[in-house]
Amino acid sequence: MSFINYLSREINCKIVYYGPGLCGKTTNLQYIYNKTNPEAKGKMISLATETERTLFFDFLPLALGEIRGFKTRFHLYTVPGQVFYDASRKLILKGVDGVVFVADSQIARMEANLESMENLRTNLAEQGYSLDKLPHVIQYNKRDMPSVAPVEELRSLLNPNGMPDFGAIATTGDGVFDTLKAVAKLVLTELKRGGAGG
Amino acid sequence: MTNPQMVMYEEEFNQIQTIVDRVVREANAQVVFIIDKNGQLIAAAGETDQLDTTSLASLTAGNIAATGGIAKLLRENEFSTQFHEGERANIHIQLVGNRVILVVIFDNKTSLGLVRLRVKKASEELNSIFEALLSKVQDPQQSTPFAEITDDDIDNLFND
């Protein structure tokens with residue numbers, strides 16, 4: 001649910017990075033944080049365990065620029081990827097305007113990807129959203145790892161709707177901003193059409 | 001979609017800001033702010049210069065969401081009030097109309113009782129403002145400024 005403020009002429013949107021545990025959601029946000037001008041970003045908040053696994057969420061506010069006199073601000077959130085944090089994941093999806101699904105390209109994580117995608121669909125449906133109608137993009141992360149599945153294979157399994165998708169190496173930043181720009185664009189296009197979610 | 005879009009117009013914003021300013025004064029609070037349940041800051045008053053209100057808004061909303069999740073598990077509708085007591089600062093968090101969150105940060109210059117009293121009165125007023133705002137937003141006659149945005153406008157935003 002975006003928030004349009006006519007007074008301060010601002011538009012705020014919420015983007016959630018979703019995906020299986022250790023797929024690189026937090027790494028995406030950290031890279032964006034490190035590479036963004038100080039005036040365009042707020043503080044990055046990570047609610048993590050002592051072993052640096054996301055416990056509740058990471059949060060990064062980002063200003064992207066102006067459209068027709070309206071400042072566009074995006075609030076980026078990650079969910080905790082570990083299966084047993086499902087209750088927290090549901091909470092973070094509330095009011096979402098766009099989703100980045102971060103898949104782990106490693107063959108060994110294929111099942112975890114599929115499970116997480118299914119979990120995303122279920123959790124969205126519980127709140128009356130449909131993934132098919134919600135702006136979303138897919139990122140195939142960890143392309144630099146030794147045993148990765150071909151992008152075509154990942155695409156056929158995880159992106160049946162043909163949404164924008166990107167290979168990425170979040171640790172070096174490859175594909176990180178392409179992914180963000182694509183989802184931001186979809187969210188704004190959806191706003192222009194006057195709808196959001198499903 | 002399930003949640004209607006949150007839109008803020010000048011008229012309602014001024015009404016809300018008046019209430020928030022008044023709570024700062026009457027409760028003798030340091031900071032008062034209002035956020036929506038998704039963590040977007042709507043209005044703030046008091047000594048906000050020293051505070052990262054964006055982060056506070058997001059964390060408070062997360063806190064309310066987590067508490068709401070606990071309530072659900074206990075088959076409670078909602079725990080609508082939270083209070084955290086610190087050594088120097090205290091924070092009172094009130095869910096208003098299950099839609100927005102009224103946050104009051106205060107020190108020992110005032111008391112929890114006074115804060116509660118002022119929050120209760122403000123909540124009722126805020127609730128009716130947001131009800132009115134919501135029906136205004138749902139009015140199909142209201143157009144969004146984004147209908148006029150072109151694909152080029154969006155593309156331009158991403159030209160480095």
# chains A, B, ... in the order shown; residues from 1 in each chain; ligands from 1

call {"tool": "residues_around", "arguments": {"residues": "range 37-43 of chain B", "least_positions_apart": "6", "cutoff": "9 Å", "atoms": "only C-alpha atoms", "output": "VMD selection string"}}
result
(chain A and resid 1 3 5 12 14 75 92 94 to 96) or (chain B and resid 8 13 16 to 17 20 53 to 62 64 to 65 95 98 to 101)

call {"tool": "write_last_selection", "arguments": {"atoms": "C-alpha atoms", "output": "mmCIF file, in the first residue's frame"}}
result
data_model
loop_
_atom_site.group_PDB
_atom_site.id
_atom_site.type_symbol
_atom_site.label_atom_id
_atom_site.label_comp_id
_atom_site.auth_asym_id
_atom_site.auth_seq_id
_atom_site.Cartn_x
_atom_site.Cartn_y
_atom_site.Cartn_z
ATOM 1 C CA MET A 1 0.000 0.000 0.000
ATOM 2 C CA PHE A 3 1.324 6.332 0.708
ATOM 3 C CA ASN A 5 1.255 12.758 0.689
ATOM 4 C CA ASN A 12 6.197 6.213 -0.460
ATOM 5 C CA LYS A 14 7.164 -0.637 0.105
ATOM 6 C CA HIS A 75 11.164 1.505 1.756
ATOM 7 C CA ILE A 92 6.419 -7.941 6.696
ATOM 8 C CA LYS A 94 1.562 -6.439 4.870
ATOM 9 C CA GLY A 95 1.073 -3.391 2.692
ATOM 10 C CA VAL A 96 3.650 -4.500 0.120
ATOM 11 C CA MET B 8 -2.886 12.513 2.764
ATOM 12 C CA PHE B 13 -3.003 16.783 7.496
ATOM 13 C CA ILE B 16 -3.860 15.772 12.391
ATOM 14 C CA GLN B 17 -0.905 18.087 12.926
ATOM 15 C CA VAL B 20 -0.180 16.020 17.449
ATOM 16 C CA THR B 53 11.925 9.372 12.658
ATOM 17 C CA THR B 54 12.019 7.168 9.537
ATOM 18 C CA SER B 55 13.749 4.357 11.420
ATOM 19 C CA LEU B 56 11.537 4.857 14.454
ATOM 20 C CA ALA B 57 8.430 4.647 12.296
ATOM 21 C CA SER B 58 9.525 1.431 10.643
ATOM 22 C CA LEU B 59 10.537 -0.238 13.912
ATOM 23 C CA THR B 60 7.377 0.844 15.721
ATOM 24 C CA ALA B 61 5.241 -0.551 12.915
ATOM 25 C CA GLY B 62 7.238 -3.792 13.084
ATOM 26 C CA ILE B 64 2.937 -3.344 16.445
ATOM 27 C CA ALA B 65 2.812 -5.995 13.728
ATOM 28 C CA LEU B 95 -2.976 1.680 17.998
ATOM 29 C CA ASN B 98 -6.561 -0.457 13.929
ATOM 30 C CA ARG B 99 -5.193 1.778 11.224
ATOM 31 C CA VAL B 100 -2.579 4.197 12.487
ATOM 32 C CA ILE B 101 -0.221 4.300 15.451
#

call {"tool": "closest_atom_pairs", "arguments": {"of": "chain B", "to": "chain A", "cutoff": "7 Å", "atoms": "only C-alpha atoms", "output": "Markdown table"}}
result
| residue | atom | partner | partner_atom | distance |
| --- | --- | --- | --- | --- |
| B:Met1 | CA | A:Gly198 | CA | 4.7 |
| B:Thr2 | CA | A:Gly128 | CA | 5.8 |
| B:Asn3 | CA | A:Met1 | CA | 6.6 |
| B:Gln5 | CA | A:Met1 | CA | 5.4 |
| B:Met6 | CA | A:Phe3 | CA | 4.8 |
| B:Val7 | CA | A:Ile4 | CA | 4.7 |
| B:Met8 | CA | A:Asn5 | CA | 4.6 |
| B:Tyr9 | CA | A:Tyr6 | CA | 5.4 |
| B:Glu10 | CA | A:Leu7 | CA | 5.4 |
| B:Asn38 | CA | A:Gly95 | CA | 6.0 |
| B:Ser55 | CA | A:Lys43 | CA | 7.0 |
| B:Ala65 | CA | A:Leu91 | CA | 6.1 |
| B:Phe146 | CA | A:Lys192 | CA | 4.7 |
| B:Ala147 | CA | A:Lys192 | CA | 4.9 |
| B:Ile149 | CA | A:Lys192 | CA | 6.3 |
| B:Asp153 | CA | A:Ile67 | CA | 6.3 |
| B:Ile154 | CA | A:Lys185 | CA | 6.6 |
| B:Leu157 | CA | A:Gly65 | CA | 6.3 |
| B:Phe158 | CA | A:Lys181 | CA | 6.9 |

call {"tool": "write_last_selection", "arguments": {"atoms": "C-alpha atoms", "output": "tab-separated table (two decimals), in the first residue's frame"}}
result
chain	number	residue	atom	x	y	z
B	1	MET	CA	-6.55	-5.09	-2.92
B	2	THR	CA	-7.25	-5.51	0.75
B	3	ASN	CA	-5.82	-2.26	2.06
B	5	GLN	CA	-4.26	3.30	-0.46
B	6	MET	CA	-3.22	5.83	2.12
B	7	VAL	CA	-3.47	9.36	0.76
B	8	MET	CA	-2.89	12.51	2.76
B	9	TYR	CA	-4.48	15.82	1.78
B	10	GLU	CA	-3.71	19.24	3.18
B	38	ASN	CA	3.10	-0.10	7.29
B	55	SER	CA	13.75	4.36	11.42
B	65	ALA	CA	2.81	-5.99	13.73
B	146	PHE	CA	-0.21	9.47	-11.21
B	147	ALA	CA	-2.75	8.90	-13.91
B	149	ILE	CA	2.49	10.11	-15.45
B	153	ASP	CA	8.52	10.07	-16.70
B	154	ILE	CA	9.20	6.74	-15.07
B	157	LEU	CA	13.76	8.57	-13.02
B	158	PHE	CA	16.16	5.76	-13.75

call {"tool": "select_by_dssp", "arguments": {"residues": "range 19-62 of chain A", "states": "alpha helix (DSSP H)", "output": "PyMOL selection string"}}
result
chain A and resi 25-35

call {"tool": "residues_around", "arguments": {"residues": "range 48-50 of chain A", "least_positions_apart": "5", "cutoff": "12 Å", "atoms": "only C-alpha atoms", "output": "PyMOL selection string"}}
result
chain A and resi 26+55-59+78-82

call {"tool": "select_by_dssp", "arguments": {"residues": "chain B", "states": "strand (DSSP E or B)", "output": "mmCIF file with all heavy atoms, in the first residue's frame"}}
result
data_model
loop_
_atom_site.group_PDB
_atom_site.id
_atom_site.type_symbol
_atom_site.label_atom_id
_atom_site.label_comp_id
_atom_site.auth_asym_id
_atom_site.auth_seq_id
_atom_site.Cartn_x
_atom_site.Cartn_y
_atom_site.Cartn_z
ATOM 1 N N MET B 6 -3.238 4.716 1.176
ATOM 2 C CA MET B 6 -3.215 5.831 2.123
ATOM 3 C C MET B 6 -2.858 7.090 1.342
ATOM 4 O O MET B 6 -1.834 7.157 0.676
ATOM 5 C CB MET B 6 -2.182 5.562 3.209
ATOM 6 C CG MET B 6 -2.042 6.682 4.210
ATOM 7 S SD MET B 6 -3.430 6.895 5.332
ATOM 8 C CE MET B 6 -2.934 5.838 6.686
ATOM 9 N N VAL B 7 -3.728 8.078 1.408
ATOM 10 C CA VAL B 7 -3.466 9.363 0.757
ATOM 11 C C VAL B 7 -3.644 10.451 1.806
ATOM 12 O O VAL B 7 -4.548 10.372 2.636
ATOM 13 C CB VAL B 7 -4.443 9.610 -0.424
ATOM 14 C CG1 VAL B 7 -4.165 10.935 -1.077
ATOM 15 C CG2 VAL B 7 -4.340 8.496 -1.450
ATOM 16 N N MET B 8 -2.769 11.435 1.791
ATOM 17 C CA MET B 8 -2.886 12.513 2.764
ATOM 18 C C MET B 8 -3.103 13.841 2.041
ATOM 19 O O MET B 8 -2.312 14.202 1.179
ATOM 20 C CB MET B 8 -1.611 12.564 3.620
ATOM 21 C CG MET B 8 -1.661 13.559 4.750
ATOM 22 S SD MET B 8 -3.056 13.325 5.859
ATOM 23 C CE MET B 8 -2.644 11.743 6.564
ATOM 24 N N VAL B 31 8.366 14.064 22.163
ATOM 25 C CA VAL B 31 8.058 13.859 20.753
ATOM 26 C C VAL B 31 6.742 13.093 20.636
ATOM 27 O O VAL B 31 6.480 12.181 21.426
ATOM 28 C CB VAL B 31 9.158 13.023 20.056
ATOM 29 C CG1 VAL B 31 8.848 12.858 18.575
ATOM 30 C CG2 VAL B 31 10.522 13.655 20.228
ATOM 31 N N VAL B 32 5.929 13.489 19.661
ATOM 32 C CA VAL B 32 4.721 12.728 19.349
ATOM 33 C C VAL B 32 4.714 12.509 17.855
ATOM 34 O O VAL B 32 5.001 13.432 17.091
ATOM 35 C CB VAL B 32 3.445 13.506 19.772
ATOM 36 C CG1 VAL B 32 2.190 12.763 19.341
ATOM 37 C CG2 VAL B 32 3.435 13.733 21.279
ATOM 38 N N PHE B 33 4.466 11.275 17.425
ATOM 39 C CA PHE B 33 4.302 11.100 15.985
ATOM 40 C C PHE B 33 3.256 10.058 15.651
ATOM 41 O O PHE B 33 2.856 9.261 16.487
ATOM 42 C CB PHE B 33 5.622 10.855 15.255
ATOM 43 C CG PHE B 33 6.420 9.685 15.716
ATOM 44 C CD1 PHE B 33 6.383 8.493 15.026
ATOM 45 C CD2 PHE B 33 7.251 9.790 16.816
ATOM 46 C CE1 PHE B 33 7.139 7.422 15.433
ATOM 47 C CE2 PHE B 33 8.013 8.727 17.233
ATOM 48 C CZ PHE B 33 7.955 7.526 16.543
ATOM 49 N N ILE B 34 2.793 10.154 14.413
ATOM 50 C CA ILE B 34 1.760 9.243 13.928
ATOM 51 C C ILE B 34 2.303 8.536 12.694
ATOM 52 O O ILE B 34 2.876 9.168 11.805
ATOM 53 C CB ILE B 34 0.475 10.017 13.574
ATOM 54 C CG1 ILE B 34 -0.118 10.592 14.852
ATOM 55 C CG2 ILE B 34 -0.540 9.114 12.876
ATOM 56 C CD1 ILE B 34 -1.401 11.320 14.645
ATOM 57 N N ILE B 35 2.159 7.225 12.686
ATOM 58 C CA ILE B 35 2.620 6.456 11.518
ATOM 59 C C ILE B 35 1.501 5.526 11.094
ATOM 60 O O ILE B 35 0.600 5.248 11.881
ATOM 61 C CB ILE B 35 3.880 5.625 11.865
ATOM 62 C CG1 ILE B 35 3.583 4.693 13.029
ATOM 63 C CG2 ILE B 35 5.042 6.504 12.216
ATOM 64 C CD1 ILE B 35 4.757 3.839 13.408
ATOM 65 N N ASP B 36 1.540 5.077 9.854
ATOM 66 C CA ASP B 36 0.548 4.080 9.491
ATOM 67 C C ASP B 36 1.112 2.695 9.812
ATOM 68 O O ASP B 36 2.283 2.558 10.156
ATOM 69 C CB ASP B 36 0.081 4.246 8.038
ATOM 70 C CG ASP B 36 1.080 3.735 7.020
ATOM 71 O OD1 ASP B 36 2.143 3.220 7.423
ATOM 72 O OD2 ASP B 36 0.806 3.854 5.822
ATOM 73 N N LEU B 41 5.714 7.385 8.041
ATOM 74 C CA LEU B 41 5.492 8.506 8.954
ATOM 75 C C LEU B 41 4.422 9.436 8.383
ATOM 76 O O LEU B 41 4.503 9.834 7.228
ATOM 77 C CB LEU B 41 6.802 9.268 9.140
ATOM 78 C CG LEU B 41 6.776 10.413 10.134
ATOM 79 C CD1 LEU B 41 6.657 9.904 11.560
ATOM 80 C CD2 LEU B 41 8.019 11.267 9.989
ATOM 81 N N ILE B 42 3.422 9.776 9.186
ATOM 82 C CA ILE B 42 2.343 10.648 8.714
ATOM 83 C C ILE B 42 2.518 12.066 9.265
ATOM 84 O O ILE B 42 2.434 13.034 8.533
ATOM 85 C CB ILE B 42 0.965 10.079 9.105
ATOM 86 C CG1 ILE B 42 0.740 8.741 8.383
ATOM 87 C CG2 ILE B 42 -0.153 11.060 8.766
ATOM 88 C CD1 ILE B 42 -0.498 7.998 8.801
ATOM 89 N N ALA B 43 2.759 12.184 10.557
ATOM 90 C CA ALA B 43 2.946 13.511 11.161
ATOM 91 C C ALA B 43 3.821 13.378 12.394
ATOM 92 O O ALA B 43 3.842 12.320 13.028
ATOM 93 C CB ALA B 43 1.599 14.120 11.528
ATOM 94 N N ALA B 44 4.531 14.451 12.733
ATOM 95 C CA ALA B 44 5.387 14.426 13.918
ATOM 96 C C ALA B 44 5.428 15.807 14.538
ATOM 97 O O ALA B 44 5.243 16.814 13.849
ATOM 98 C CB ALA B 44 6.797 13.978 13.540
ATOM 99 N N ALA B 45 5.643 15.859 15.844
ATOM 100 C CA ALA B 45 5.767 17.142 16.531
ATOM 101 C C ALA B 45 6.700 16.983 17.720
ATOM 102 O O ALA B 45 6.927 15.874 18.197
ATOM 103 C CB ALA B 45 4.397 17.618 16.997
ATOM 104 N N GLY B 46 7.228 18.113 18.188
ATOM 105 C CA GLY B 46 8.136 18.078 19.335
ATOM 106 C C GLY B 46 9.582 18.104 18.895
ATOM 107 O O GLY B 46 9.908 18.600 17.806
ATOM 108 N N THR B 81 -2.331 -1.134 23.234
ATOM 109 C CA THR B 81 -1.425 -0.207 23.915
ATOM 110 C C THR B 81 -0.129 -0.897 24.312
ATOM 111 O O THR B 81 -0.135 -2.039 24.765
ATOM 112 C CB THR B 81 -2.089 0.353 25.192
ATOM 113 O OG1 THR B 81 -3.369 0.851 24.858
ATOM 114 C CG2 THR B 81 -1.260 1.466 25.796
ATOM 115 N N GLN B 82 0.980 -0.196 24.128
ATOM 116 C CA GLN B 82 2.269 -0.700 24.615
ATOM 117 C C GLN B 82 2.981 0.434 25.338
ATOM 118 O O GLN B 82 2.904 1.579 24.909
ATOM 119 C CB GLN B 82 3.155 -1.111 23.446
ATOM 120 C CG GLN B 82 2.731 -2.360 22.733
ATOM 121 C CD GLN B 82 3.753 -2.716 21.679
ATOM 122 O OE1 GLN B 82 4.956 -2.679 21.929
ATOM 123 N NE2 GLN B 82 3.293 -3.035 20.498
ATOM 124 N N PHE B 83 3.684 0.063 26.377
ATOM 125 C CA PHE B 83 4.445 1.077 27.097
ATOM 126 C C PHE B 83 5.821 0.516 27.445
ATOM 127 O O PHE B 83 5.922 -0.593 27.988
ATOM 128 C CB PHE B 83 3.687 1.493 28.375
ATOM 129 C CG PHE B 83 4.499 2.378 29.279
ATOM 130 C CD1 PHE B 83 4.992 3.593 28.826
ATOM 131 C CD2 PHE B 83 4.781 1.985 30.581
ATOM 132 C CE1 PHE B 83 5.746 4.400 29.654
ATOM 133 C CE2 PHE B 83 5.539 2.791 31.416
ATOM 134 C CZ PHE B 83 6.021 4.008 30.944
ATOM 135 N N HIS B 84 6.852 1.230 27.106
ATOM 136 C CA HIS B 84 8.216 0.808 27.440
ATOM 137 C C HIS B 84 8.859 1.886 28.302
ATOM 138 O O HIS B 84 8.865 3.056 27.938
ATOM 139 C CB HIS B 84 9.045 0.598 26.170
ATOM 140 C CG HIS B 84 8.448 -0.416 25.256
ATOM 141 N ND1 HIS B 84 8.433 -1.770 25.536
ATOM 142 C CD2 HIS B 84 7.822 -0.287 24.068
ATOM 143 C CE1 HIS B 84 7.829 -2.415 24.564
ATOM 144 N NE2 HIS B 84 7.439 -1.539 23.656
ATOM 145 N N GLU B 85 9.382 1.470 29.426
ATOM 146 C CA GLU B 85 9.966 2.408 30.369
ATOM 147 C C GLU B 85 11.480 2.291 30.331
ATOM 148 O O GLU B 85 12.033 1.197 30.481
ATOM 149 C CB GLU B 85 9.437 2.087 31.780
ATOM 150 C CG GLU B 85 9.801 3.118 32.802
ATOM 151 C CD GLU B 85 9.176 2.807 34.155
ATOM 152 O OE1 GLU B 85 8.531 1.747 34.293
ATOM 153 O OE2 GLU B 85 9.363 3.619 35.064
ATOM 154 N N ASN B 90 10.761 7.272 27.956
ATOM 155 C CA ASN B 90 9.687 6.287 27.957
ATOM 156 C C ASN B 90 8.936 6.425 26.640
ATOM 157 O O ASN B 90 8.886 7.513 26.062
ATOM 158 C CB ASN B 90 8.719 6.550 29.114
ATOM 159 C CG ASN B 90 9.450 6.732 30.422
ATOM 160 O OD1 ASN B 90 10.109 5.823 30.901
ATOM 161 N ND2 ASN B 90 9.357 7.934 30.982
ATOM 162 N N ILE B 91 8.340 5.324 26.208
ATOM 163 C CA ILE B 91 7.585 5.397 24.964
ATOM 164 C C ILE B 91 6.226 4.728 25.138
ATOM 165 O O ILE B 91 6.130 3.635 25.685
ATOM 166 C CB ILE B 91 8.409 4.811 23.784
ATOM 167 C CG1 ILE B 91 7.658 4.930 22.463
ATOM 168 C CG2 ILE B 91 8.819 3.369 24.028
ATOM 169 C CD1 ILE B 91 8.553 4.752 21.256
ATOM 170 N N HIS B 92 5.218 5.462 24.721
ATOM 171 C CA HIS B 92 3.839 4.965 24.798
ATOM 172 C C HIS B 92 3.325 4.811 23.371
ATOM 173 O O HIS B 92 3.351 5.762 22.586
ATOM 174 C CB HIS B 92 2.974 5.958 25.583
ATOM 175 C CG HIS B 92 1.587 5.466 25.839
ATOM 176 N ND1 HIS B 92 0.595 5.525 24.896
ATOM 177 C CD2 HIS B 92 1.029 4.880 26.934
ATOM 178 C CE1 HIS B 92 -0.522 5.005 25.415
ATOM 179 N NE2 HIS B 92 -0.283 4.604 26.643
ATOM 180 N N ILE B 93 2.895 3.603 23.024
ATOM 181 C CA ILE B 93 2.478 3.312 21.652
ATOM 182 C C ILE B 93 1.007 2.896 21.665
ATOM 183 O O ILE B 93 0.631 1.968 22.374
ATOM 184 C CB ILE B 93 3.337 2.169 21.060
ATOM 185 C CG1 ILE B 93 4.816 2.543 21.120
ATOM 186 C CG2 ILE B 93 2.918 1.859 19.632
ATOM 187 C CD1 ILE B 93 5.750 1.400 20.745
ATOM 188 N N GLN B 94 0.216 3.624 20.898
ATOM 189 C CA GLN B 94 -1.222 3.359 20.895
ATOM 190 C C GLN B 94 -1.714 3.104 19.478
ATOM 191 O O GLN B 94 -1.500 3.913 18.576
ATOM 192 C CB GLN B 94 -1.959 4.583 21.480
ATOM 193 C CG GLN B 94 -3.464 4.464 21.505
ATOM 194 C CD GLN B 94 -3.934 3.488 22.566
ATOM 195 O OE1 GLN B 94 -3.414 3.473 23.682
ATOM 196 N NE2 GLN B 94 -4.904 2.642 22.223
ATOM 197 N N LEU B 95 -2.370 1.975 19.295
ATOM 198 C CA LEU B 95 -2.976 1.680 17.998
ATOM 199 C C LEU B 95 -4.312 2.417 17.928
ATOM 200 O O LEU B 95 -5.138 2.306 18.828
ATOM 201 C CB LEU B 95 -3.190 0.168 17.900
ATOM 202 C CG LEU B 95 -3.569 -0.410 16.555
ATOM 203 C CD1 LEU B 95 -2.543 -0.065 15.496
ATOM 204 C CD2 LEU B 95 -3.697 -1.917 16.683
ATOM 205 N N VAL B 96 -4.509 3.183 16.872
ATOM 206 C CA VAL B 96 -5.732 3.988 16.733
ATOM 207 C C VAL B 96 -6.587 3.431 15.600
ATOM 208 O O VAL B 96 -6.156 3.419 14.446
ATOM 209 C CB VAL B 96 -5.392 5.472 16.443
ATOM 210 C CG1 VAL B 96 -6.666 6.281 16.231
ATOM 211 C CG2 VAL B 96 -4.564 6.056 17.563
ATOM 212 N N VAL B 100 -3.809 3.432 12.307
ATOM 213 C CA VAL B 100 -2.579 4.197 12.487
ATOM 214 C C VAL B 100 -2.079 4.040 13.925
ATOM 215 O O VAL B 100 -2.797 3.534 14.786
ATOM 216 C CB VAL B 100 -2.762 5.692 12.159
ATOM 217 C CG1 VAL B 100 -3.054 5.895 10.692
ATOM 218 C CG2 VAL B 100 -3.834 6.314 13.017
ATOM 219 N N ILE B 101 -0.851 4.476 14.152
ATOM 220 C CA ILE B 101 -0.221 4.300 15.451
ATOM 221 C C ILE B 101 0.202 5.664 15.983
ATOM 222 O O ILE B 101 0.856 6.429 15.279
ATOM 223 C CB ILE B 101 1.013 3.372 15.310
ATOM 224 C CG1 ILE B 101 0.593 2.041 14.657
ATOM 225 C CG2 ILE B 101 1.670 3.124 16.665
ATOM 226 C CD1 ILE B 101 1.749 1.249 14.084
ATOM 227 N N LEU B 102 -0.211 5.940 17.206
ATOM 228 C CA LEU B 102 0.148 7.198 17.863
ATOM 229 C C LEU B 102 1.257 6.907 18.873
ATOM 230 O O LEU B 102 1.080 6.102 19.782
ATOM 231 C CB LEU B 102 -1.092 7.789 18.561
ATOM 232 C CG LEU B 102 -0.891 9.012 19.452
ATOM 233 C CD1 LEU B 102 -0.341 10.197 18.666
ATOM 234 C CD2 LEU B 102 -2.204 9.418 20.115
ATOM 235 N N VAL B 103 2.399 7.545 18.666
ATOM 236 C CA VAL B 103 3.555 7.273 19.508
ATOM 237 C C VAL B 103 3.913 8.518 20.316
ATOM 238 O O VAL B 103 4.012 9.609 19.761
ATOM 239 C CB VAL B 103 4.770 6.874 18.638
ATOM 240 C CG1 VAL B 103 5.967 6.534 19.508
ATOM 241 C CG2 VAL B 103 4.419 5.687 17.749
ATOM 242 N N VAL B 104 4.073 8.352 21.619
ATOM 243 C CA VAL B 104 4.463 9.481 22.482
ATOM 244 C C VAL B 104 5.759 9.115 23.197
ATOM 245 O O VAL B 104 5.841 8.080 23.864
ATOM 246 C CB VAL B 104 3.367 9.796 23.532
ATOM 247 C CG1 VAL B 104 3.789 10.982 24.397
ATOM 248 C CG2 VAL B 104 2.038 10.082 22.853
ATOM 249 N N ILE B 105 6.769 9.940 23.029
ATOM 250 C CA ILE B 105 8.026 9.741 23.747
ATOM 251 C C ILE B 105 8.116 10.826 24.818
ATOM 252 O O ILE B 105 7.914 12.004 24.522
ATOM 253 C CB ILE B 105 9.224 9.815 22.776
ATOM 254 C CG1 ILE B 105 9.094 8.704 21.728
ATOM 255 C CG2 ILE B 105 10.548 9.672 23.536
ATOM 256 C CD1 ILE B 105 10.100 8.791 20.605
ATOM 257 N N PHE B 106 8.364 10.408 26.038
ATOM 258 C CA PHE B 106 8.379 11.399 27.123
ATOM 259 C C PHE B 106 9.415 11.034 28.178
ATOM 260 O O PHE B 106 9.892 9.902 28.239
ATOM 261 C CB PHE B 106 6.976 11.525 27.739
ATOM 262 C CG PHE B 106 6.430 10.258 28.342
ATOM 263 C CD1 PHE B 106 6.510 10.037 29.716
ATOM 264 C CD2 PHE B 106 5.829 9.291 27.551
ATOM 265 C CE1 PHE B 106 5.992 8.875 30.285
ATOM 266 C CE2 PHE B 106 5.311 8.128 28.110
ATOM 267 C CZ PHE B 106 5.393 7.918 29.484
#

call {"tool": "atom_distance", "arguments": {"atom1": "CA of Leu120 in chain A", "atom2": "CA of Asn161 in chain A"}}
result
14.9 Å

call {"tool": "atom_distance", "arguments": {"atom1": "CA of Ala66 in chain B", "atom2": "CA of Thr51 in chain A"}}
result
21.5 Å

call {"tool": "atom_distance", "arguments": {"atom1": "CA of Ile129 in chain B", "atom2": "CA of Thr48 in chain B"}}
result
23.4 Å

call {"tool": "residues_around", "arguments": {"residues": "Glu26 in chain B", "least_positions_apart": "2", "cutoff": "9 Å", "atoms": "only C-alpha atoms", "output": "ChimeraX atom specification"}}
result
/B:21-24,28-29,114-115,118

call {"tool": "closest_residue", "arguments": {"among": "A:Thr171, A:Tyr33, A:Leu158, A:Ser147", "to": "Glu115 in chain A", "atoms": "only C-alpha atoms"}}
result
A:Leu158

call {"tool": "closest_residue", "arguments": {"among": "B:Glu131, B:Phe79, B:Gln50, B:Glu12", "to": "Asn63 in chain B", "atoms": "only C-alpha atoms"}}
result
B:Phe79

call {"tool": "closest_residue", "arguments": {"among": "A:Ser116, A:Met110, A:Ala40, A:Gln139", "to": "Lys71 in chain A", "atoms": "only C-alpha atoms"}}
result
A:Ala40
